[in-house]
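Engineer: Here it is: the structure, laid out below.
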Amino acid sequence: MVERYLTICQPAIIGEQIAAMISIDSSYNPKKYEKKWWDFWEQNNFFDTAASNKAPYTILMPPPNVTSHLHMGHGTTYTFQDLLIRWKRMQGYTACWLPGTDHAGIATQMMVEKDLEKTEGKTRKDIGREAFFARCQKWRDVHGGKIYQQFQDIGFSADWKRSAYTMDEDLSAAVRYVFVTLFKEGLIYRGERLVNWDTVLKTAVSDDELYSEEMNGHLWHLRYPVEGSDEQIVIATTRPETMLGDTAVAVHPDDDRYKHLVGRNIRLPICDRLIPIIADDYVKSDFGSGAVKITPAHDPNDFEIGKRHKLPFVEIFDDAAAITEVAPEAFRGLDRFVARKKVIKTFKELGLFEKEEHYKHSVPHSDRSKSIVEPKLSKQWYVRMKPLAEPAAAAARNGELNFFPKSWSKTYLYWLDNIQDWCISRQLWWGHQIPIWYCDSCDHLQTGVEDPTQCDQCGSDKLTQDPDVLDTWFSSWLWPLSPFGWPDEKKQQEKDLNYFYPSNVLITAPEIIFLWVARMVMAGLKFKGEVPFKDIYFTAVVTDKQGKKFSKTLGNGIDPLEIIDKHGADATRFTGVSMAPLGGRVMMDKSDFDHGARFVNKLWNASRFLFNYLDSDTKLKPISEVDLDLPSQWLLTGLSDTAKRVNESFSNYHLNDAVDRIYHFIWGQFCDWGLECAKQSLQSSDEQKRSEVLSVLVYALDGALRLAHPIMPFVTEELWQKLPHHPDWDRPKSIVVAGFPDESKLASYAKSSSQWQAVLQMITSVRSVRQQVGISPKIELDCLIKASDELVAVVDGNQEYIKKLANIKSISISSSQSRPEHSLAAIGKGFECYLPVAGLVDFTKERGRIEGEIKRITKIVDGISNKLKNKNFVERAPENVVLQTKEQLENMSGQLQSLKENLAAIG
RNA sequence: GGGCGCAUAGCUCAGCUGGUUAGAGCACUGCCCUUACAAGGCAGGGGUCCUAAGUUCGAAUCUUAGUGCGCCCACCA
């Protein structure tokens, strides 16, 4: 190993070239270059954007939480965005990737409260609202910057100077404006209903902030005595503690078992209250006992029934879900789960306990505190969603909005078509305080863009602002607008709102389709009259190899920072994108990133090889002045084809496909054949030839670096900067702003390319034959070739390549070459290569090999000829397909014929 | 209970509007330290494309059903 290392390090250079040669390390060391180029880009303001006569291309960056750190979700989702932005920027667009952060109301408040508890042992109430708010702000200042730094480490080329933050003055003004506007239009109202109450955070949360979890619970059957009778009604419940708030028992009106009891009363055990037995269609006779206890204040269904039957609402829980004063003394102050046990125990003691069954059911939890939410009767602010949802749904139906993958539009539409009003008030301190003021004297309620100083109605100056804050999403849904200065006329002009709006594509995770995506569409349509983005791309969910989502608690996440540290940002980006197809799911583990690292290293070394032959004085010719040989034409055609596919794949968001193409062009074409073929020209003494081949290679490498740049910005910049300027390419200060390869401007040579392909096949099949019969690649062989007339000329002019790459001593070619005795045969489309190997091989091996080939080809030939014998196929299939099939048959049966003849010749 | 998606090589996946000798990366086998790269080169092995039926001249690709697995939505106590 050490020995090897020493030989590598010996510079392969001759005499006076030393001084001018381009020096480069023998392997790519990301740490050495990433910081350097990031600073260079930043100093040159390449990512800054402003309205111009160029076309805009805009992507809104989904605001990461201020509290979060970079994770693999960002690694893929955001890399996609950077890819598109860099691609468009190179194509000459004003590519604006708008970054920003979110104040993440509940999440931040939780963190700060925890911190406060830990460091000072205090609660938020201990220090008061103002001090607590300031603490949240400080927390954000400290932690908010971290994620930006991490985004920059991975090379995200957002317009960082435009960074917005939902609590900024301008963005807060937008929130205020929107609230006031909607309020005045009657789209915001205050209502008292059951909300999802987070008993830990002591705030309401919206339906969309819940998740449900299957839990192994119980179904308890309890007996309720009918007043003035010996009869008892058995009711089944999963939540016995709520019986303390029961105000009725309901049965189905047609249920014969209970018909005679409707209208009578139950004497509610423990509480000793009388509650009516009512009939309601909602009750399913076949579930449980067919009788349901009704707790209108603590169950959404019961709430509806309670309203229908005008039942009393008895609230038995306080903010922390402990039992209130309304319950019998023995229960007061108990936690809901403690109370549950006590209720059951009491029923047992009273002899009213029927039975208990195991029961699996899903229980709603709060996303943030992970606690079980409690339905709670409470006064909250709501947005009337229907008028906003309808246009948003229409936009998807009429094609103004396009989903990738398409199927997401169904999910989107289902939600909009069944929209519920949005509860926007939160009993928190961190966030935008609701701009509603109550008059202390007359109870009048008013709002305003400016803080009011007196009551509109009675003139009193004693006003109290609503203590609650707005849901974080109430500021996030303005993301397409507020960071661009909206609604202030002057500011939005300064920030080019109309130039950048609407954005081109939104790329995000599917889990926030309702919380964020749909609501942005609504806000965009409502306030700007146009969708905020045309395309919506949902990325794949990143999971571990077991298919589990990455999560902190499971500890199965891959830390991108660790990967970047080990392999570099480019490798991380490459793997992240190449593994993530459109939609679906992508399973990753750390070893997957080796792939990217290997590719980066390959590109590095290919360039390094070329640099050996280049110096600052190297004269490169325009391609039009080069007498192109076949390998060069083939390579240039490959570049053009690749550019075409890459541009197409970027356009329709098949990013992994684009990455795959680039990978294969660089590795499979440029390195494996392009450089290998070029080696002898580069080492030849023919100055002319050398410079021409070099011109082509530099040109192609420059193109390849451009293609790869959006994926691997750092390494491509480093190499590109070192690469001498080829006159056919533009040469700006950085590859960041260099032109992206455009196939319509790239030369392509279809015919030469396919001719060369045939030569490559020749080389490959000769190698294959040697390998199969066990002749070392080190043994030089002679080669006699029989080939089509077209190929004869091609091979004749390019013998050197075959000799070198297949280790052939001499070549003799003609269209009538016959097979010499004691030779091996490599047979392919349009050619037969004979390798005389007298004494080198056991011919039974060769025989076996050819027999195997015959078997394989016979199968194919049979398949094709059967197809052609089928009259229906010939008549109904399109002409070109039939023609193609005929050609195929001709070709394959030719090969088969040759194989058979060769087998016979072995004797 | 409704909706959506997935099932192709040992593993992770491509295969977009039906016509290929079904591909890639990793893993595996053999041969090569050929001075850009051993994180490499060359050559290979490995697949009844989940099952069944259907449409079609032709299905991995379209239809239907089934099986298995994910995700989302939903108030059955």
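Each chain in the structure tokens gets a letter, A, B and so on, in the order shown; residues start at 1 in every chain, and ligands are counted from 1 in the order they appear.
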Hey, could you make a per-residue contact list for chain A against chain B with 6 Å as the cut-off, showing the nearest pair of atoms and its distance in Å to one decimal, counting only C-alpha atoms (C1' of nucleotides), sorted by chain and number, as CSV?

Structural biologist:
```
residue,atom,partner,partner_atom,distance
A:Thr237,CA,B:A77,C1',5.6
A:Val292,CA,B:A77,C1',6.0
A:Asn301,CA,B:C75,C1',5.6
A:Arg598,CA,B:A39,C1',5.2
A:Lys602,CA,B:C37,C1',5.9
A:Asn605,CA,B:A36,C1',4.6
A:Ala606,CA,B:A36,C1',5.1
A:Arg608,CA,B:A36,C1',5.6
A:Phe609,CA,B:A36,C1',4.0
A:Ser768,CA,B:A43,C1',5.7
A:Gln771,CA,B:A43,C1',5.9
A:Asn872,CA,B:C57,C1',4.4
A:Phe873,CA,B:C57,C1',3.8
```

Engineer: If you run DSSP over the backbone, which residues in stretch 353-568 of chain A end up strand (DSSP E or B)? Put them as a ChimeraX atom specification.

Structural biologist: /A:353-366,372,374-383,402-404,422-423,425-426,433,436-439,445-447,463-465,469-470,503-508,533-538,541-543,549

Engineer: Counting only C-alpha atoms (C1' of nucleotides), what is within 12 Å of B:G68, bar same-chain residues fewer than 6 positions away, as an mmCIF file with C-alpha atoms (C1' of nucleotides), in the first residue's frame?

Structural biologist:
```
data_model
loop_
_atom_site.group_PDB
_atom_site.id
_atom_site.type_symbol
_atom_site.label_atom_id
_atom_site.label_comp_id
_atom_site.auth_asym_id
_atom_site.auth_seq_id
_atom_site.Cartn_x
_atom_site.Cartn_y
_atom_site.Cartn_z
ATOM 1 C "C1'" C B 6 -46.483 0.127 -3.655
ATOM 2 C "C1'" A B 7 -45.246 -5.262 -5.089
ATOM 3 C "C1'" C B 50 -46.865 -10.956 -6.375
ATOM 4 C "C1'" U B 51 -51.278 -14.403 -8.045
#
```

Engineer: One decimal, in Å: what's the spacing between atom CA of A:Asp318 and atom CA of A:Thr203?

Structural biologist: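 The value is 11.9 Å.
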
Engineer: Where does DSSP see helix (DSSP H, G or I) in stretch 136-345 of chain A, if you list the residues as a ChimeraX atom specification?

Structural biologist: /A:136-153,160-162,169-184,207-209,240-245,259-261,300-308,329-331,336-345

Engineer: What does the distance from atom CA of A:Pro296 to atom CA of A:Glu315 come to in Å, to one decimal?

Structural biologist: 8.6 Å
